[in-house]
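final_2.txt follows; it contains compact mmCIF, C-alpha atoms.
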```txt
# COMPACT_ATOMS: atom_id res chain seq x y z
CA MET A 1153 0.00 0.00 0.00
CA THR A 1154 1.13 3.58 -0.65
CA PRO A 1155 1.08 6.11 2.22
CA ASP A 1156 -2.32 7.30 0.97
CA GLY A 1157 -3.84 3.83 1.19
CA VAL A 1158 -3.74 3.06 -2.54
CA ASP A 1159 -2.87 -0.56 -3.28
CA SER A 1160 -0.10 -0.23 -5.85
CA HIS A 1161 -0.54 -3.89 -6.91
CA ARG A 1162 -4.18 -3.46 -7.95
CA ARG A 1163 -3.60 -1.44 -11.08
CA ILE A 1164 -5.27 -1.41 -14.50
CA GLN A 1165 -3.17 -2.48 -17.46
CA ALA A 1166 -3.73 -3.39 -21.10
CA ASN A 1167 -1.88 -4.74 -24.10
CA LEU A 1168 -1.31 -1.63 -26.22
CA LYS A 1169 1.23 -3.09 -28.62
CA GLY A 1170 0.60 -1.43 -31.97
CA VAL A 1171 -1.50 1.36 -30.45
CA ARG A 1172 -0.39 4.91 -31.29
CA ALA A 1173 -1.27 7.50 -28.66
CA LEU A 1174 -0.63 11.23 -28.49
CA VAL A 1175 -0.73 12.94 -25.08
CA THR A 1176 -0.66 16.71 -24.75
CA GLY A 1177 1.00 18.24 -21.70
CA ALA A 1178 2.91 14.99 -21.22
CA GLY A 1179 5.83 16.44 -19.26
CA SER A 1180 4.35 16.40 -15.76
CA GLY A 1181 1.39 15.46 -13.60
CA ILE A 1182 -1.51 13.59 -15.18
CA GLY A 1183 0.00 13.83 -18.67
CA LEU A 1184 3.28 12.25 -17.60
CA ALA A 1185 1.45 9.52 -15.66
CA THR A 1186 -0.66 8.78 -18.76
CA ALA A 1187 2.29 8.68 -21.13
CA THR A 1188 4.13 6.42 -18.68
CA LEU A 1189 1.21 4.00 -18.37
CA PHE A 1190 0.61 3.80 -22.13
CA ALA A 1191 4.32 3.20 -22.75
CA ARG A 1192 4.52 0.49 -20.07
CA CYS A 1193 1.55 -1.21 -21.74
CA GLY A 1194 3.52 -1.34 -25.01
CA GLY A 1195 1.99 1.60 -26.85
CA ASP A 1196 3.88 4.10 -28.98
CA VAL A 1197 3.39 7.52 -27.41
CA GLY A 1198 3.75 10.99 -28.87
CA CYS A 1199 4.47 13.29 -25.94
CA ASN A 1200 3.59 16.94 -26.42
CA HIS A 1201 5.22 19.65 -24.32
CA LEU A 1202 5.71 23.40 -24.54
CA PRO A 1203 8.71 24.43 -26.65
CA GLY A 1204 11.64 25.36 -24.45
CA ASP A 1205 10.33 23.50 -21.38
CA SER A 1206 13.53 21.65 -20.52
CA ALA A 1207 12.10 20.00 -17.39
CA ALA A 1208 9.17 18.53 -19.35
CA ARG A 1209 11.47 17.35 -22.13
CA ALA A 1210 13.80 15.68 -19.61
CA ALA A 1211 10.85 13.86 -17.99
CA ILE A 1212 9.67 12.66 -21.40
CA ASP A 1213 13.15 11.51 -22.39
CA ARG A 1214 13.27 9.34 -19.25
CA LEU A 1215 10.34 7.34 -20.63
CA GLN A 1216 12.50 5.94 -23.41
CA GLY A 1217 12.86 2.17 -23.06
CA LEU A 1218 9.78 1.61 -20.88
CA GLY A 1219 8.00 -0.33 -23.59
CA GLY A 1220 6.72 1.33 -26.72
CA ARG A 1221 8.36 4.10 -28.72
CA ILE A 1222 8.45 7.62 -27.22
CA VAL A 1223 8.27 10.58 -29.61
CA PRO A 1224 8.73 14.10 -28.12
CA LEU A 1225 6.41 16.62 -29.81
CA PRO A 1226 7.00 20.26 -28.81
CA GLY A 1227 4.21 22.72 -29.57
CA ASP A 1228 1.92 25.29 -27.98
CA ILE A 1229 -1.57 23.90 -28.58
CA SER A 1230 -3.27 27.23 -27.80
CA SER A 1231 -2.14 28.27 -31.29
CA GLY A 1232 -4.16 26.59 -34.02
CA GLU A 1233 -1.21 26.69 -36.41
CA ALA A 1234 1.20 25.23 -33.84
CA ALA A 1235 -1.28 22.53 -32.82
CA GLU A 1236 -1.82 21.52 -36.44
CA ALA A 1237 1.93 21.30 -37.06
CA MET A 1238 2.48 19.29 -33.86
CA ILE A 1239 -0.30 16.83 -34.68
CA ALA A 1240 0.97 16.45 -38.25
CA GLU A 1241 4.43 15.65 -36.92
CA GLY A 1242 2.93 13.11 -34.53
CA VAL A 1243 0.91 11.43 -37.28
CA ASP A 1244 4.00 11.24 -39.47
CA ASP A 1245 6.34 9.93 -36.76
CA LEU A 1246 3.86 7.46 -35.26
CA GLY A 1247 2.30 6.38 -38.54
CA GLY A 1248 -1.15 7.54 -37.42
CA ILE A 1249 -3.05 8.16 -34.19
CA ASP A 1250 -5.36 5.74 -32.41
CA VAL A 1251 -5.79 7.70 -29.16
CA LEU A 1252 -5.62 11.44 -28.52
CA VAL A 1253 -5.42 12.52 -24.88
CA ASN A 1254 -6.07 16.24 -24.45
CA ASN A 1255 -4.44 16.81 -21.09
CA ALA A 1256 -2.52 20.08 -21.50
CA GLY A 1257 -3.99 22.64 -19.16
CA ALA A 1258 -3.37 26.03 -17.64
CA SER A 1259 -4.74 27.57 -14.47
CA GLY A 1260 -3.15 30.96 -14.94
CA VAL A 1261 -2.69 31.29 -11.16
CA ARG A 1262 -0.36 29.90 -8.51
CA GLU A 1263 -3.07 29.82 -5.81
CA PRO A 1264 -6.87 29.68 -6.09
CA ILE A 1265 -8.80 32.94 -6.51
CA PRO A 1266 -12.06 33.19 -4.50
CA PHE A 1267 -15.13 33.30 -6.74
CA ALA A 1268 -16.21 36.59 -5.17
CA ASP A 1269 -12.96 38.35 -6.13
CA LEU A 1270 -13.97 39.44 -9.62
CA ASP A 1271 -11.29 42.13 -9.76
CA ALA A 1272 -8.60 39.42 -9.71
CA ILE A 1273 -9.94 37.88 -12.93
CA SER A 1274 -8.15 39.72 -15.73
CA GLU A 1275 -8.60 39.46 -19.49
CA ASP A 1276 -5.17 37.86 -19.69
CA LEU A 1277 -6.23 35.18 -17.20
CA TRP A 1278 -9.31 34.38 -19.29
CA ALA A 1279 -7.26 34.28 -22.50
CA THR A 1280 -4.54 32.04 -21.05
CA THR A 1281 -6.96 29.63 -19.38
CA LEU A 1282 -9.47 29.28 -22.22
CA GLY A 1283 -6.71 29.31 -24.83
CA THR A 1284 -5.13 26.13 -23.48
CA ASN A 1285 -7.92 24.28 -21.69
CA LEU A 1286 -10.72 24.69 -24.22
CA ILE A 1287 -9.48 26.17 -27.49
CA GLY A 1288 -6.26 24.15 -27.33
CA ALA A 1289 -8.16 20.89 -26.90
CA PHE A 1290 -10.38 21.79 -29.86
CA ASN A 1291 -7.34 22.67 -31.96
CA CYS A 1292 -5.88 19.21 -31.36
CA CYS A 1293 -9.18 17.41 -31.99
CA LYS A 1294 -9.66 19.27 -35.25
CA ALA A 1295 -6.10 18.62 -36.43
CA ALA A 1296 -6.23 14.91 -35.50
CA SER A 1297 -9.79 14.17 -36.65
CA ARG A 1298 -8.87 12.74 -40.04
CA ALA A 1299 -6.23 10.39 -38.62
CA LEU A 1300 -8.54 9.34 -35.80
CA ARG A 1301 -11.38 8.60 -38.23
CA GLN A 1302 -9.07 6.47 -40.33
CA ALA A 1303 -8.00 4.54 -37.22
CA GLN A 1304 -11.52 4.44 -35.73
CA GLY A 1305 -9.85 5.78 -32.64
CA ALA A 1306 -10.69 7.59 -29.44
CA ILE A 1307 -10.29 10.97 -27.78
CA VAL A 1308 -10.08 11.41 -24.01
CA ASN A 1309 -10.26 14.97 -22.68
CA VAL A 1310 -9.00 15.80 -19.21
CA ALA A 1311 -11.67 18.04 -17.71
CA SER A 1312 -12.19 18.63 -13.97
CA THR A 1313 -14.85 18.48 -11.29
CA ALA A 1314 -14.45 22.27 -11.42
CA GLY A 1315 -16.42 22.08 -14.66
CA LEU A 1316 -19.24 20.32 -12.81
CA GLY A 1317 -19.60 22.92 -10.08
CA GLY A 1318 -16.82 21.73 -7.77
CA ASP A 1319 -13.88 23.69 -6.36
CA ALA A 1320 -11.93 25.62 -8.98
CA SER A 1321 -8.75 27.65 -8.94
CA SER A 1322 -10.68 30.52 -10.54
CA LEU A 1323 -13.91 31.37 -12.34
CA ALA A 1324 -11.98 31.17 -15.60
CA TYR A 1325 -10.69 27.66 -14.88
CA GLY A 1326 -14.13 26.33 -13.94
CA ALA A 1327 -15.69 27.85 -17.05
CA SER A 1328 -12.98 26.40 -19.30
CA LYS A 1329 -13.51 22.90 -17.95
CA ALA A 1330 -17.31 23.21 -18.19
CA GLY A 1331 -16.82 24.16 -21.84
CA LEU A 1332 -14.55 21.15 -22.35
CA ILE A 1333 -17.21 18.83 -20.93
CA ASN A 1334 -19.78 20.29 -23.34
CA LEU A 1335 -17.28 20.03 -26.21
CA THR A 1336 -16.72 16.37 -25.36
CA ARG A 1337 -20.41 15.54 -25.67
CA ASN A 1338 -20.86 17.40 -28.94
CA LEU A 1339 -17.66 16.05 -30.51
CA ALA A 1340 -18.88 12.54 -29.70
CA LYS A 1341 -21.96 13.31 -31.78
CA GLY A 1342 -19.98 14.96 -34.55
CA LEU A 1343 -17.16 12.42 -34.89
CA GLY A 1344 -19.19 9.28 -34.23
CA PRO A 1345 -19.50 6.52 -35.07
CA GLU A 1346 -15.88 6.36 -36.24
CA VAL A 1347 -14.36 8.16 -33.23
CA ARG A 1348 -15.34 7.84 -29.57
CA VAL A 1349 -14.96 10.96 -27.42
CA ASN A 1350 -15.03 10.94 -23.61
CA ALA A 1351 -13.67 12.96 -20.71
CA VAL A 1352 -12.37 12.40 -17.22
CA ALA A 1353 -13.13 14.92 -14.49
CA PRO A 1354 -10.55 14.61 -11.72
CA GLY A 1355 -11.05 16.06 -8.29
CA LEU A 1356 -8.16 17.47 -6.26
CA THR A 1357 -5.15 15.62 -7.69
CA ARG A 1358 -1.60 15.40 -6.38
CA THR A 1359 0.45 17.19 -9.07
CA PRO A 1360 3.22 19.81 -9.10
CA TRP A 1361 0.50 22.45 -9.62
CA THR A 1362 -1.50 21.59 -6.48
CA GLU A 1363 1.62 21.60 -4.30
CA ASN A 1364 1.13 25.37 -3.98
CA TRP A 1365 -2.49 25.15 -2.85
CA PRO A 1366 -3.14 26.22 0.75
CA GLU A 1367 -3.05 23.24 3.13
CA GLU A 1368 -6.35 24.30 4.71
CA ARG A 1369 -8.08 24.15 1.33
CA LYS A 1370 -6.58 20.74 0.50
CA THR A 1371 -7.56 19.37 3.92
CA ARG A 1372 -11.12 20.61 3.48
CA SER A 1373 -11.35 19.09 0.00
CA ILE A 1374 -10.03 15.72 1.20
CA GLY A 1375 -12.54 15.79 4.07
CA ASN A 1376 -15.34 16.11 1.49
CA THR A 1377 -14.45 12.77 -0.13
CA MET A 1378 -15.65 9.29 0.78
CA LEU A 1379 -12.14 7.85 0.45
CA ARG A 1380 -10.51 10.63 2.52
CA ARG A 1381 -7.55 11.11 0.20
CA MET A 1382 -6.35 13.08 -2.80
CA VAL A 1383 -6.61 11.67 -6.28
CA GLU A 1384 -3.27 10.43 -7.60
CA ALA A 1385 -2.17 11.18 -11.16
CA GLU A 1386 -1.99 7.42 -11.75
CA ASP A 1387 -5.69 7.10 -10.83
CA VAL A 1388 -6.58 9.48 -13.62
CA ALA A 1389 -4.17 7.83 -16.08
CA GLU A 1390 -5.81 4.44 -15.53
CA THR A 1391 -9.25 5.93 -16.14
CA ILE A 1392 -7.98 7.48 -19.36
CA LEU A 1393 -6.67 4.05 -20.40
CA PHE A 1394 -10.07 2.50 -19.66
CA LEU A 1395 -11.94 5.09 -21.73
CA ALA A 1396 -9.43 4.74 -24.56
CA CYS A 1397 -10.02 0.98 -24.72
CA GLN A 1398 -13.72 0.51 -23.88
CA PRO A 1399 -15.54 0.33 -27.23
CA ALA A 1400 -19.11 0.95 -25.99
CA ILE A 1401 -18.60 4.26 -24.16
CA THR A 1402 -18.74 7.66 -25.83
CA GLY A 1403 -19.99 11.14 -25.01
CA GLN A 1404 -19.45 10.61 -21.27
CA THR A 1405 -17.60 12.45 -18.51
CA LEU A 1406 -16.35 10.15 -15.76
CA GLN A 1407 -15.57 11.73 -12.40
CA VAL A 1408 -12.38 10.56 -10.67
CA ASP A 1409 -12.68 12.35 -7.35
CA CYS A 1410 -12.38 9.78 -4.55
CA GLY A 1411 -16.14 10.00 -4.02
CA ARG A 1412 -16.65 13.70 -3.55
CA MET A 1413 -19.78 14.22 -1.44
CA PHE A 1414 -20.52 17.89 -2.16
```
Target encoding structure tokens, full file:
Amino acid sequence: MTPDGVDSHRRIQANLKGVRALVTGAGSGIGLATATLFARCGGDVGCNHLPGDSAARAAIDRLQGLGGRIVPLPGDISSGEAAEAMIAEGVDDLGGIDVLVNNAGASGVREPIPFADLDAISEDLWATTLGTNLIGAFNCCKAASRALRQAQGAIVNVASTAGLGGDASSLAYGASKAGLINLTRNLAKGLGPEVRVNAVAPGLTRTPWTENWPEERKTRSIGNTMLRRMVEAEDVAETILFLACQPAITGQTLQVDCGRMF
């Protein structure tokens, strides 16, 4: 058992030999956990990261040799042109795409902003948050749609319980994730039946980003869960793997929140 009570031996795995996945924001947190899991299961993984992010690139390079092939794919997905070029490079290097995981996200803040503090929500915060979390995900879906249709593949978007009315780091973040949940449902209609589209909505997750959250807020959030713990990045990665593989599920958003009660 891990210190948080998670049995590390009871983990979801799959045979992904021959599967070509592309994960955005793969250099840390949930994205890195997802790329790691897919690689360990034998998949070939295109790992997107921001250009010039040396820490993310180093983390991705350490995945080499885990199982399948690892292909670093720098690119800022908030730019439609950059996202299209990055996806095209991934399709070329991987020989196609079977699974697209839209994980790249931005909060725009180091610590949560109370919902009542409207003055703290700037236009730049809105632009940064929506540009990555919502528009960036759409950019990647649009650019990868032809390859995914050819492969009869799957898209998994990483949303958040913030998009379902839960705690959010800001009004902008909650709105961006609510938009992503809506986008997931409508893309499932638009790209089906060839492509399945689903989302995961994690609760408070242990990542480098949440390390800066106030302890009082984290304690309160954990106390509002049935399992009395934070979500681990690996928990979310395994749910992404499940949604990528399960052929009868589309248009759904699956909460991974340790049983949040309110």
Taking all atoms listed in the file into account, produce a table as a Markdown table in which each residue of range 1163-1215 of chain A with an atom at most 6 Å from an atom of range 1388-1412 of chain A appears once, together with its shortest atom pair and the distance in Å to one decimal, ordered by chain and rising number.
```
| residue | atom | partner | partner_atom | distance |
| --- | --- | --- | --- | --- |
| A:Ile1164 | CA | A:Glu1390 | CA | 6.0 |
| A:Ala1185 | CA | A:Ala1389 | CA | 5.9 |
| A:Thr1186 | CA | A:Ala1389 | CA | 4.5 |
```
Taking only residues of range 1320-1403 of chain A that have an atom at most 8 Å from an atom of range 1307-1315 of chain A, what is each one's shortest atom pair and its distance in Å to one decimal, using only C-alpha atoms, in chain and number order, as JSON lines?
```
{"residue": "A:Ala1320", "atom": "CA", "partner": "A:Ala1314", "partner_atom": "CA", "distance": 4.9}
{"residue": "A:Tyr1325", "atom": "CA", "partner": "A:Ala1314", "partner_atom": "CA", "distance": 7.4}
{"residue": "A:Gly1326", "atom": "CA", "partner": "A:Ala1314", "partner_atom": "CA", "distance": 4.8}
{"residue": "A:Ala1327", "atom": "CA", "partner": "A:Gly1315", "partner_atom": "CA", "distance": 6.3}
{"residue": "A:Ser1328", "atom": "CA", "partner": "A:Gly1315", "partner_atom": "CA", "distance": 7.2}
{"residue": "A:Lys1329", "atom": "CA", "partner": "A:Gly1315", "partner_atom": "CA", "distance": 4.5}
{"residue": "A:Ala1330", "atom": "CA", "partner": "A:Gly1315", "partner_atom": "CA", "distance": 3.8}
{"residue": "A:Gly1331", "atom": "CA", "partner": "A:Gly1315", "partner_atom": "CA", "distance": 7.5}
{"residue": "A:Leu1332", "atom": "CA", "partner": "A:Ala1311", "partner_atom": "CA", "distance": 6.3}
{"residue": "A:Ile1333", "atom": "CA", "partner": "A:Ala1311", "partner_atom": "CA", "distance": 6.5}
{"residue": "A:Thr1336", "atom": "CA", "partner": "A:Asn1309", "partner_atom": "CA", "distance": 7.1}
{"residue": "A:Val1347", "atom": "CA", "partner": "A:Ile1307", "partner_atom": "CA", "distance": 7.4}
{"residue": "A:Arg1348", "atom": "CA", "partner": "A:Ile1307", "partner_atom": "CA", "distance": 6.2}
{"residue": "A:Val1349", "atom": "CA", "partner": "A:Ile1307", "partner_atom": "CA", "distance": 4.7}
{"residue": "A:Asn1350", "atom": "CA", "partner": "A:Val1308", "partner_atom": "CA", "distance": 5.0}
{"residue": "A:Ala1351", "atom": "CA", "partner": "A:Asn1309", "partner_atom": "CA", "distance": 4.4}
{"residue": "A:Val1352", "atom": "CA", "partner": "A:Val1310", "partner_atom": "CA", "distance": 5.2}
{"residue": "A:Ala1353", "atom": "CA", "partner": "A:Ser1312", "partner_atom": "CA", "distance": 3.9}
{"residue": "A:Pro1354", "atom": "CA", "partner": "A:Ser1312", "partner_atom": "CA", "distance": 4.9}
{"residue": "A:Gly1355", "atom": "CA", "partner": "A:Thr1313", "partner_atom": "CA", "distance": 5.4}
{"residue": "A:Ile1392", "atom": "CA", "partner": "A:Val1308", "partner_atom": "CA", "distance": 6.4}
{"residue": "A:Leu1395", "atom": "CA", "partner": "A:Val1308", "partner_atom": "CA", "distance": 7.0}
{"residue": "A:Ala1396", "atom": "CA", "partner": "A:Val1308", "partner_atom": "CA", "distance": 6.7}
```
Check your understanding: Which value, in Å to one decimal, gives the distance between CA of Asp1319 in chain A and CA of Ser1231 in chain A?
Key -> 27.9 Å
Exercise for review: Rounded to one decimal place, report the CA of Asn1285 in chain A-CA of Ala1324 in chain A distance in Å.
Suggested key: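 It comes out at 10.1 Å.
The coordinates place CA of Ala1207 in chain A at 28.3 Å from CA of Ser1274 in chain A.
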Point to revise | Which residue of A:Ala1258, A:Val1383, A:Ala1191, A:Ala1234 approaches Pro1203 in chain A most closely, using only C-alpha atoms | key: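 Among A:Ala1258, A:Val1383, A:Ala1191, A:Ala1234, it is A:Ala1234 that comes nearest to Pro1203 in chain A.
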Exercise for review: Using only C-alpha atoms, determine which residues lie at most 8 Å from Gly1195 in chain A, disregarding the query and same-chain residues fewer than 6 positions distant; provide the list as a list in words.
Suggested key: Asn1167, Leu1168, Lys1169, Gly1170, Val1171, Arg1172, Ala1173, Gly1219, Gly1220 and Arg1221 of chain A
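Of the residues listed (A:Gly1317, A:Pro1264, A:Gly1247, A:Gly1342), A:Pro1264 shows the shortest atom-to-atom separation from Thr1362 in chain A; distances use all atoms listed in the file.
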Practice item. Have a look at A:Arg1298, A:Lys1341, A:Arg1192, A:Arg1358 and name the one nearest to Ser1180 in chain A; count only C-alpha atoms. Key: A:Arg1358
Check your understanding: Skipping near chain neighbours, those fewer than 6 positions away, what residues fall within 10 Å of Asp1245 in chain A using only C-alpha atoms, listed as a list in words?
Key -> Gly1198, Val1223, Pro1224, Leu1225 and Ile1239 of chain A
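The nearest approach to Leu1184 in chain A among the residues A:Cys1293, A:Ile1273, A:Ala1279, A:Ala1385, with all atoms listed in the file taken into account, belongs to A:Ala1385.
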Check your understanding: Using all atoms listed in the file, which of A:Leu1202, A:Leu1174, A:Arg1209, A:Asp1271 sits nearest Leu1246 in chain A?
Key ->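 Of A:Leu1202, A:Leu1174, A:Arg1209, A:Asp1271, the one nearest Leu1246 in chain A, counting all atoms listed in the file, is A:Leu1174.
Among the candidate residues A:Ile1287, A:Ile1182, A:Ala1299, A:Ile1229, the one lying nearest to Glu1384 in chain A is A:Ile1182, with distances computed using all atoms listed in the file.
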Starting from the incomplete input, reconstruct N, CA and C atoms of range 1373-1391 of chain A and write that as a PDB file, in the frame of the given file.
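File produced: selection-v7.pdb:
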```
ATOM      1  N   SER A1373     -10.926  19.843   1.175  1.00  0.00           N
ATOM      2  CA  SER A1373     -11.350  19.090   0.000  1.00  0.00           C
ATOM      3  C   SER A1373     -11.264  17.589   0.254  1.00  0.00           C
ATOM      4  N   ILE A1374     -10.183  17.139   0.881  1.00  0.00           N
ATOM      5  CA  ILE A1374     -10.030  15.720   1.200  1.00  0.00           C
ATOM      6  C   ILE A1374     -11.129  15.269   2.158  1.00  0.00           C
ATOM      7  N   GLY A1375     -11.481  16.123   3.117  1.00  0.00           N
ATOM      8  CA  GLY A1375     -12.540  15.790   4.070  1.00  0.00           C
ATOM      9  C   GLY A1375     -13.900  15.654   3.421  1.00  0.00           C
ATOM     10  N   ASN A1376     -14.071  16.204   2.219  1.00  0.00           N
ATOM     11  CA  ASN A1376     -15.340  16.110   1.490  1.00  0.00           C
ATOM     12  C   ASN A1376     -15.398  14.892   0.566  1.00  0.00           C
ATOM     13  N   THR A1377     -14.437  13.969   0.704  1.00  0.00           N
ATOM     14  CA  THR A1377     -14.450  12.770  -0.130  1.00  0.00           C
ATOM     15  C   THR A1377     -14.754  11.536   0.719  1.00  0.00           C
ATOM     16  N   MET A1378     -15.336  10.541   0.093  1.00  0.00           N
ATOM     17  CA  MET A1378     -15.650   9.290   0.780  1.00  0.00           C
ATOM     18  C   MET A1378     -14.398   8.485   1.093  1.00  0.00           C
ATOM     19  N   LEU A1379     -13.361   8.625   0.260  1.00  0.00           N
ATOM     20  CA  LEU A1379     -12.140   7.850   0.450  1.00  0.00           C
ATOM     21  C   LEU A1379     -11.112   8.576   1.306  1.00  0.00           C
ATOM     22  N   ARG A1380     -11.371   9.838   1.631  1.00  0.00           N
ATOM     23  CA  ARG A1380     -10.510  10.630   2.520  1.00  0.00           C
ATOM     24  C   ARG A1380      -9.058  10.690   2.032  1.00  0.00           C
ATOM     25  N   ARG A1381      -8.894  10.934   0.745  1.00  0.00           N
ATOM     26  CA  ARG A1381      -7.550  11.110   0.200  1.00  0.00           C
ATOM     27  C   ARG A1381      -7.621  11.937  -1.073  1.00  0.00           C
ATOM     28  N   MET A1382      -6.453  12.414  -1.515  1.00  0.00           N
ATOM     29  CA  MET A1382      -6.350  13.080  -2.800  1.00  0.00           C
ATOM     30  C   MET A1382      -6.363  12.058  -3.928  1.00  0.00           C
ATOM     31  N   VAL A1383      -6.755  12.490  -5.085  1.00  0.00           N
ATOM     32  CA  VAL A1383      -6.610  11.670  -6.280  1.00  0.00           C
ATOM     33  C   VAL A1383      -5.133  11.668  -6.669  1.00  0.00           C
ATOM     34  N   GLU A1384      -4.630  10.525  -7.091  1.00  0.00           N
ATOM     35  CA  GLU A1384      -3.270  10.430  -7.600  1.00  0.00           C
ATOM     36  C   GLU A1384      -3.293  10.528  -9.123  1.00  0.00           C
ATOM     37  N   ALA A1385      -2.238  11.059  -9.698  1.00  0.00           N
ATOM     38  CA  ALA A1385      -2.170  11.180 -11.160  1.00  0.00           C
ATOM     39  C   ALA A1385      -2.352   9.823 -11.828  1.00  0.00           C
ATOM     40  N   GLU A1386      -1.853   8.775 -11.193  1.00  0.00           N
ATOM     41  CA  GLU A1386      -1.990   7.420 -11.750  1.00  0.00           C
ATOM     42  C   GLU A1386      -3.454   6.970 -11.781  1.00  0.00           C
ATOM     43  N   ASP A1387      -4.259   7.421 -10.816  1.00  0.00           N
ATOM     44  CA  ASP A1387      -5.690   7.100 -10.830  1.00  0.00           C
ATOM     45  C   ASP A1387      -6.344   7.626 -12.091  1.00  0.00           C
ATOM     46  N   VAL A1388      -6.000   8.852 -12.435  1.00  0.00           N
ATOM     47  CA  VAL A1388      -6.580   9.480 -13.620  1.00  0.00           C
ATOM     48  C   VAL A1388      -6.052   8.805 -14.884  1.00  0.00           C
ATOM     49  N   ALA A1389      -4.764   8.485 -14.916  1.00  0.00           N
ATOM     50  CA  ALA A1389      -4.170   7.830 -16.080  1.00  0.00           C
ATOM     51  C   ALA A1389      -4.859   6.499 -16.371  1.00  0.00           C
ATOM     52  N   GLU A1390      -5.155   5.742 -15.336  1.00  0.00           N
ATOM     53  CA  GLU A1390      -5.810   4.440 -15.530  1.00  0.00           C
ATOM     54  C   GLU A1390      -7.227   4.607 -16.059  1.00  0.00           C
ATOM     55  N   THR A1391      -7.908   5.663 -15.633  1.00  0.00           N
ATOM     56  CA  THR A1391      -9.250   5.930 -16.140  1.00  0.00           C
ATOM     57  C   THR A1391      -9.190   6.342 -17.602  1.00  0.00           C
TER      58      THR A1391
END
```
